[in-house]
Amino acid sequence: MYTQQQSKIVTSMGNWLGGMPWDIFSTITYRHNIKAKQNFKIMTVLEEYLKSLDKPFNMFWVTEFTNYNYNTHNHLLVKGDIVGDINSHLRSKSLISKHVKHEPYEKSASMYVSKYVCDTKTNWGIVNNNS
């Protein structure tokens with residue numbers, strides 16, 4: 001899947017993310033087919049919305065392809081009390097329904113989300129909003 005160098009990057013990213021104090025590991029599955037470009041826009045708008053709330057939080061998100069690379073969903077690592085805000089924002093845009101999971105963070109989630117960082121068709125982002 002990856003070259004030896006890319007594997008080192010993925011492992012380093014997973015270890016780096018694993019050294020942070022996350023609260024939640026989330027899976028966001030959309031109601032409709034969302035392509036990568038649409039997904040990137042959804043996530044960057046979500047980032048700006050969350051920053052506008054003036055709440056302290058950290059978030060790492062990554063896009064994962066599903067259905068033979070046709071559709072996408074997201075995985076998030078979250079620190080802070082923003083899960084309700086994430087749900088509210090995405091529901092207000094009619095993007096999600098019941099297919100959202102927010103679970104307590106476990107260290108293995110950091111390695112899971114990092115596996116996509118060297119995939120050239122995958123988007124990801126990290127936000128540090130500790131205002």
# chains A, B, ... in the order shown; residues from 1 in each chain; ligands from 1
>>> residues_around(residues="range 115-120 of chain A", least_positions_apart="4", cutoff="9 Å", atoms="only C-alpha atoms", output="list in words")
Tyr2, Gln6, Ser7, Ile9, Val10, Thr11, Met13, Gly14, Val62, Thr63, Glu64, Ser110, Met111 and Trp124 of chain A
>>> select_by_dssp(residues="chain A", states="strand (DSSP E or B)", output="ChimeraX atom specification")
/A:24-28,57-66,71-79,100-104,124-129
>>> write_last_selection(atoms="C-alpha atoms", output="PDB file, in the first residue's frame")
ATOM      1  CA  ILE A  24     -13.659  11.460  21.503  1.00  0.00           C
ATOM      2  CA  PHE A  25     -13.206   9.360  18.358  1.00  0.00           C
ATOM      3  CA  SER A  26     -16.009  10.085  15.891  1.00  0.00           C
ATOM      4  CA  THR A  27     -17.246   8.597  12.652  1.00  0.00           C
ATOM      5  CA  ILE A  28     -19.381  10.905  10.522  1.00  0.00           C
ATOM      6  CA  PHE A  57     -11.115  22.558  21.330  1.00  0.00           C
ATOM      7  CA  ASN A  58      -8.703  20.528  19.267  1.00  0.00           C
ATOM      8  CA  MET A  59      -9.799  18.424  16.337  1.00  0.00           C
ATOM      9  CA  PHE A  60      -8.106  16.186  13.815  1.00  0.00           C
ATOM     10  CA  TRP A  61     -10.211  14.979  10.895  1.00  0.00           C
ATOM     11  CA  VAL A  62      -9.540  12.678   7.979  1.00  0.00           C
ATOM     12  CA  THR A  63     -11.603  11.632   4.983  1.00  0.00           C
ATOM     13  CA  GLU A  64     -12.074   7.947   4.247  1.00  0.00           C
ATOM     14  CA  PHE A  65     -13.399   6.636   0.953  1.00  0.00           C
ATOM     15  CA  THR A  66     -16.169   4.049   0.928  1.00  0.00           C
ATOM     16  CA  ASN A  71     -18.337   8.088  -1.552  1.00  0.00           C
ATOM     17  CA  THR A  72     -16.654   9.499   1.577  1.00  0.00           C
ATOM     18  CA  HIS A  73     -17.110   9.751   5.306  1.00  0.00           C
ATOM     19  CA  ASN A  74     -14.955  11.243   8.059  1.00  0.00           C
ATOM     20  CA  HIS A  75     -13.196  10.203  11.222  1.00  0.00           C
ATOM     21  CA  LEU A  76     -12.428  12.782  13.894  1.00  0.00           C
ATOM     22  CA  LEU A  77     -10.368  12.979  17.047  1.00  0.00           C
ATOM     23  CA  VAL A  78     -11.845  15.619  19.345  1.00  0.00           C
ATOM     24  CA  LYS A  79     -10.717  17.344  22.531  1.00  0.00           C
ATOM     25  CA  VAL A 100     -22.831   9.385  13.553  1.00  0.00           C
ATOM     26  CA  LYS A 101     -20.801   7.697  16.263  1.00  0.00           C
ATOM     27  CA  HIS A 102     -18.981   9.516  19.026  1.00  0.00           C
ATOM     28  CA  GLU A 103     -17.098   7.117  21.267  1.00  0.00           C
ATOM     29  CA  PRO A 104     -14.598   7.594  24.070  1.00  0.00           C
ATOM     30  CA  TRP A 124      -7.269  15.811   6.428  1.00  0.00           C
ATOM     31  CA  GLY A 125      -6.909  18.733   8.780  1.00  0.00           C
ATOM     32  CA  ILE A 126      -6.020  19.629  12.329  1.00  0.00           C
ATOM     33  CA  VAL A 127      -7.369  22.522  14.397  1.00  0.00           C
ATOM     34  CA  ASN A 128      -5.940  23.854  17.645  1.00  0.00           C
ATOM     35  CA  ASN A 129      -8.443  26.357  19.009  1.00  0.00           C
TER      36      ASN A 129
END
>>> closest_residue(among="A:Ile42, A:Gly80, A:Tyr68, A:Ala109", to="Lys93 in chain A", atoms="only C-alpha atoms")
A:Ile42
>>> closest_residue(among="A:Trp16, A:Tyr30, A:Trp22, A:Phe40", to="Asn123 in chain A", atoms="only C-alpha atoms")
A:Phe40
>>> closest_residue(among="A:Thr29, A:Asn69, A:Asp23, A:Lys35", to="Ile82 in chain A", atoms="only C-alpha atoms")
A:Asp23
>>> atom_distance(atom1="CA of Gly84 in chain A", atom2="CA of Ile34 in chain A")
21.8 Å
>>> atom_distance(atom1="CA of Ser108 in chain A", atom2="CA of Gln38 in chain A")
27.9 Å
>>> residues_around(residues="Ser92 in chain A", least_positions_apart="6", cutoff="12 Å", atoms="only C-alpha atoms", output="PyMOL selection string")
chain A and resi 46+49+85-86
>>> write_last_selection(atoms="N, CA and C atoms", output="PDB file, in the first residue's frame")
ATOM      1  N   LEU A  46     -17.087  23.473   8.664  1.00  0.00           N
ATOM      2  CA  LEU A  46     -17.289  23.032  10.046  1.00  0.00           C
ATOM      3  C   LEU A  46     -16.204  23.598  10.958  1.00  0.00           C
ATOM      4  N   TYR A  49     -17.000  27.212  11.629  1.00  0.00           N
ATOM      5  CA  TYR A  49     -18.154  27.307  12.522  1.00  0.00           C
ATOM      6  C   TYR A  49     -17.734  27.035  13.970  1.00  0.00           C
ATOM      7  N   ASP A  85     -22.090  20.457  19.128  1.00  0.00           N
ATOM      8  CA  ASP A  85     -21.993  21.520  18.119  1.00  0.00           C
ATOM      9  C   ASP A  85     -21.708  20.942  16.730  1.00  0.00           C
ATOM     10  N   ILE A  86     -20.882  19.905  16.675  1.00  0.00           N
ATOM     11  CA  ILE A  86     -20.602  19.234  15.401  1.00  0.00           C
ATOM     12  C   ILE A  86     -21.901  18.656  14.844  1.00  0.00           C
TER      13      ILE A  86
END
>>> atom_distance(atom1="CA of Thr3 in chain A", atom2="CA of Ser114 in chain A")
15.1 Å
>>> decode(residues="range 50-63 of chain A", atoms="all heavy atoms", output="PDB file, in the first residue's frame")
ATOM      1  N   LEU A  50     -16.983  25.980  14.189  1.00  0.00           N
ATOM      2  CA  LEU A  50     -16.565  25.636  15.553  1.00  0.00           C
ATOM      3  C   LEU A  50     -15.674  26.725  16.156  1.00  0.00           C
ATOM      4  O   LEU A  50     -15.806  27.057  17.331  1.00  0.00           O
ATOM      5  CB  LEU A  50     -15.852  24.283  15.563  1.00  0.00           C
ATOM      6  CG  LEU A  50     -16.722  23.078  15.202  1.00  0.00           C
ATOM      7  CD1 LEU A  50     -15.866  21.829  15.037  1.00  0.00           C
ATOM      8  CD2 LEU A  50     -17.815  22.860  16.240  1.00  0.00           C
ATOM      9  N   LYS A  51     -14.798  27.301  15.356  1.00  0.00           N
ATOM     10  CA  LYS A  51     -13.947  28.400  15.837  1.00  0.00           C
ATOM     11  C   LYS A  51     -14.793  29.606  16.230  1.00  0.00           C
ATOM     12  O   LYS A  51     -14.468  30.318  17.182  1.00  0.00           O
ATOM     13  CB  LYS A  51     -12.937  28.809  14.766  1.00  0.00           C
ATOM     14  CG  LYS A  51     -11.839  27.813  14.538  1.00  0.00           C
ATOM     15  CD  LYS A  51     -10.949  28.301  13.399  1.00  0.00           C
ATOM     16  CE  LYS A  51      -9.960  27.275  12.956  1.00  0.00           C
ATOM     17  NZ  LYS A  51      -9.174  27.734  11.789  1.00  0.00           N
ATOM     18  N   SER A  52     -15.896  29.835  15.529  1.00  0.00           N
ATOM     19  CA  SER A  52     -16.740  30.998  15.812  1.00  0.00           C
ATOM     20  C   SER A  52     -17.467  30.882  17.151  1.00  0.00           C
ATOM     21  O   SER A  52     -17.956  31.872  17.681  1.00  0.00           O
ATOM     22  CB  SER A  52     -17.766  31.206  14.694  1.00  0.00           C
ATOM     23  OG  SER A  52     -18.827  30.265  14.786  1.00  0.00           O
ATOM     24  N   LEU A  53     -17.540  29.675  17.700  1.00  0.00           N
ATOM     25  CA  LEU A  53     -18.237  29.463  18.973  1.00  0.00           C
ATOM     26  C   LEU A  53     -17.427  29.936  20.170  1.00  0.00           C
ATOM     27  O   LEU A  53     -17.944  30.014  21.274  1.00  0.00           O
ATOM     28  CB  LEU A  53     -18.581  27.976  19.145  1.00  0.00           C
ATOM     29  CG  LEU A  53     -19.495  27.386  18.080  1.00  0.00           C
ATOM     30  CD1 LEU A  53     -19.669  25.887  18.326  1.00  0.00           C
ATOM     31  CD2 LEU A  53     -20.834  28.097  18.053  1.00  0.00           C
ATOM     32  N   ASP A  54     -16.162  30.213  19.948  1.00  0.00           N
ATOM     33  CA  ASP A  54     -15.280  30.686  21.006  1.00  0.00           C
ATOM     34  C   ASP A  54     -15.187  29.690  22.160  1.00  0.00           C
ATOM     35  O   ASP A  54     -15.191  30.067  23.327  1.00  0.00           O
ATOM     36  CB  ASP A  54     -15.711  32.068  21.506  1.00  0.00           C
ATOM     37  CG  ASP A  54     -14.567  32.809  22.182  1.00  0.00           C
ATOM     38  OD1 ASP A  54     -13.407  32.568  21.795  1.00  0.00           O
ATOM     39  OD2 ASP A  54     -14.838  33.608  23.096  1.00  0.00           O
ATOM     40  N   LYS A  55     -15.142  28.404  21.824  1.00  0.00           N
ATOM     41  CA  LYS A  55     -14.937  27.333  22.798  1.00  0.00           C
ATOM     42  C   LYS A  55     -13.555  26.738  22.558  1.00  0.00           C
ATOM     43  O   LYS A  55     -13.148  26.592  21.406  1.00  0.00           O
ATOM     44  CB  LYS A  55     -15.957  26.203  22.597  1.00  0.00           C
ATOM     45  CG  LYS A  55     -17.370  26.528  22.951  1.00  0.00           C
ATOM     46  CD  LYS A  55     -18.214  25.262  22.737  1.00  0.00           C
ATOM     47  CE  LYS A  55     -19.623  25.449  23.207  1.00  0.00           C
ATOM     48  NZ  LYS A  55     -20.399  24.210  23.032  1.00  0.00           N
ATOM     49  N   PRO A  56     -12.869  26.378  23.616  1.00  0.00           N
ATOM     50  CA  PRO A  56     -11.578  25.718  23.406  1.00  0.00           C
ATOM     51  C   PRO A  56     -11.787  24.288  22.899  1.00  0.00           C
ATOM     52  O   PRO A  56     -12.624  23.554  23.423  1.00  0.00           O
ATOM     53  CB  PRO A  56     -10.938  25.728  24.793  1.00  0.00           C
ATOM     54  CG  PRO A  56     -12.074  25.832  25.740  1.00  0.00           C
ATOM     55  CD  PRO A  56     -13.171  26.573  25.035  1.00  0.00           C
ATOM     56  N   PHE A  57     -11.051  23.923  21.850  1.00  0.00           N
ATOM     57  CA  PHE A  57     -11.115  22.558  21.330  1.00  0.00           C
ATOM     58  C   PHE A  57      -9.922  22.280  20.442  1.00  0.00           C
ATOM     59  O   PHE A  57      -9.272  23.197  19.936  1.00  0.00           O
ATOM     60  CB  PHE A  57     -12.417  22.332  20.538  1.00  0.00           C
ATOM     61  CG  PHE A  57     -12.428  22.962  19.176  1.00  0.00           C
ATOM     62  CD1 PHE A  57     -12.061  22.228  18.049  1.00  0.00           C
ATOM     63  CD2 PHE A  57     -12.798  24.284  19.002  1.00  0.00           C
ATOM     64  CE1 PHE A  57     -12.073  22.809  16.790  1.00  0.00           C
ATOM     65  CE2 PHE A  57     -12.819  24.872  17.746  1.00  0.00           C
ATOM     66  CZ  PHE A  57     -12.455  24.133  16.635  1.00  0.00           C
ATOM     67  N   ASN A  58      -9.648  21.013  20.263  1.00  0.00           N
ATOM     68  CA  ASN A  58      -8.703  20.528  19.267  1.00  0.00           C
ATOM     69  C   ASN A  58      -9.452  19.481  18.453  1.00  0.00           C
ATOM     70  O   ASN A  58     -10.281  18.737  19.005  1.00  0.00           O
ATOM     71  CB  ASN A  58      -7.471  19.879  19.887  1.00  0.00           C
ATOM     72  CG  ASN A  58      -6.599  20.880  20.613  1.00  0.00           C
ATOM     73  OD1 ASN A  58      -6.571  22.053  20.265  1.00  0.00           O
ATOM     74  ND2 ASN A  58      -5.893  20.421  21.622  1.00  0.00           N
ATOM     75  N   MET A  59      -9.147  19.414  17.186  1.00  0.00           N
ATOM     76  CA  MET A  59      -9.799  18.424  16.337  1.00  0.00           C
ATOM     77  C   MET A  59      -8.851  18.020  15.213  1.00  0.00           C
ATOM     78  O   MET A  59      -8.205  18.866  14.590  1.00  0.00           O
ATOM     79  CB  MET A  59     -11.087  19.000  15.741  1.00  0.00           C
ATOM     80  CG  MET A  59     -11.848  18.033  14.857  1.00  0.00           C
ATOM     81  SD  MET A  59     -13.448  18.686  14.289  1.00  0.00           S
ATOM     82  CE  MET A  59     -12.939  19.928  13.101  1.00  0.00           C
ATOM     83  N   PHE A  60      -8.775  16.735  14.989  1.00  0.00           N
ATOM     84  CA  PHE A  60      -8.106  16.186  13.815  1.00  0.00           C
ATOM     85  C   PHE A  60      -9.175  15.448  13.030  1.00  0.00           C
ATOM     86  O   PHE A  60      -9.952  14.690  13.599  1.00  0.00           O
ATOM     87  CB  PHE A  60      -6.991  15.206  14.203  1.00  0.00           C
ATOM     88  CG  PHE A  60      -6.360  14.536  13.008  1.00  0.00           C
ATOM     89  CD1 PHE A  60      -5.357  15.158  12.303  1.00  0.00           C
ATOM     90  CD2 PHE A  60      -6.790  13.280  12.596  1.00  0.00           C
ATOM     91  CE1 PHE A  60      -4.792  14.555  11.182  1.00  0.00           C
ATOM     92  CE2 PHE A  60      -6.227  12.666  11.479  1.00  0.00           C
ATOM     93  CZ  PHE A  60      -5.223  13.308  10.778  1.00  0.00           C
ATOM     94  N   TRP A  61      -9.247  15.687  11.726  1.00  0.00           N
ATOM     95  CA  TRP A  61     -10.211  14.979  10.895  1.00  0.00           C
ATOM     96  C   TRP A  61      -9.509  14.414   9.670  1.00  0.00           C
ATOM     97  O   TRP A  61      -8.502  14.937   9.213  1.00  0.00           O
ATOM     98  CB  TRP A  61     -11.385  15.869  10.488  1.00  0.00           C
ATOM     99  CG  TRP A  61     -11.024  17.062   9.652  1.00  0.00           C
ATOM    100  CD1 TRP A  61     -10.731  18.323  10.105  1.00  0.00           C
ATOM    101  CD2 TRP A  61     -10.900  17.116   8.220  1.00  0.00           C
ATOM    102  NE1 TRP A  61     -10.449  19.140   9.047  1.00  0.00           N
ATOM    103  CE2 TRP A  61     -10.547  18.436   7.869  1.00  0.00           C
ATOM    104  CE3 TRP A  61     -11.069  16.184   7.199  1.00  0.00           C
ATOM    105  CZ2 TRP A  61     -10.347  18.834   6.561  1.00  0.00           C
ATOM    106  CZ3 TRP A  61     -10.866  16.580   5.880  1.00  0.00           C
ATOM    107  CH2 TRP A  61     -10.512  17.906   5.582  1.00  0.00           C
ATOM    108  N   VAL A  62     -10.062  13.316   9.184  1.00  0.00           N
ATOM    109  CA  VAL A  62      -9.540  12.678   7.979  1.00  0.00           C
ATOM    110  C   VAL A  62     -10.712  12.111   7.187  1.00  0.00           C
ATOM    111  O   VAL A  62     -11.704  11.659   7.756  1.00  0.00           O
ATOM    112  CB  VAL A  62      -8.506  11.579   8.325  1.00  0.00           C
ATOM    113  CG1 VAL A  62      -9.139  10.428   9.086  1.00  0.00           C
ATOM    114  CG2 VAL A  62      -7.774  11.078   7.093  1.00  0.00           C
ATOM    115  N   THR A  63     -10.592  12.177   5.883  1.00  0.00           N
ATOM    116  CA  THR A  63     -11.603  11.632   4.983  1.00  0.00           C
ATOM    117  C   THR A  63     -11.252  10.187   4.657  1.00  0.00           C
ATOM    118  O   THR A  63     -10.099   9.876   4.381  1.00  0.00           O
ATOM    119  CB  THR A  63     -11.646  12.442   3.674  1.00  0.00           C
ATOM    120  OG1 THR A  63     -11.975  13.795   3.983  1.00  0.00           O
ATOM    121  CG2 THR A  63     -12.657  11.875   2.702  1.00  0.00           C
TER     122      THR A  63
END
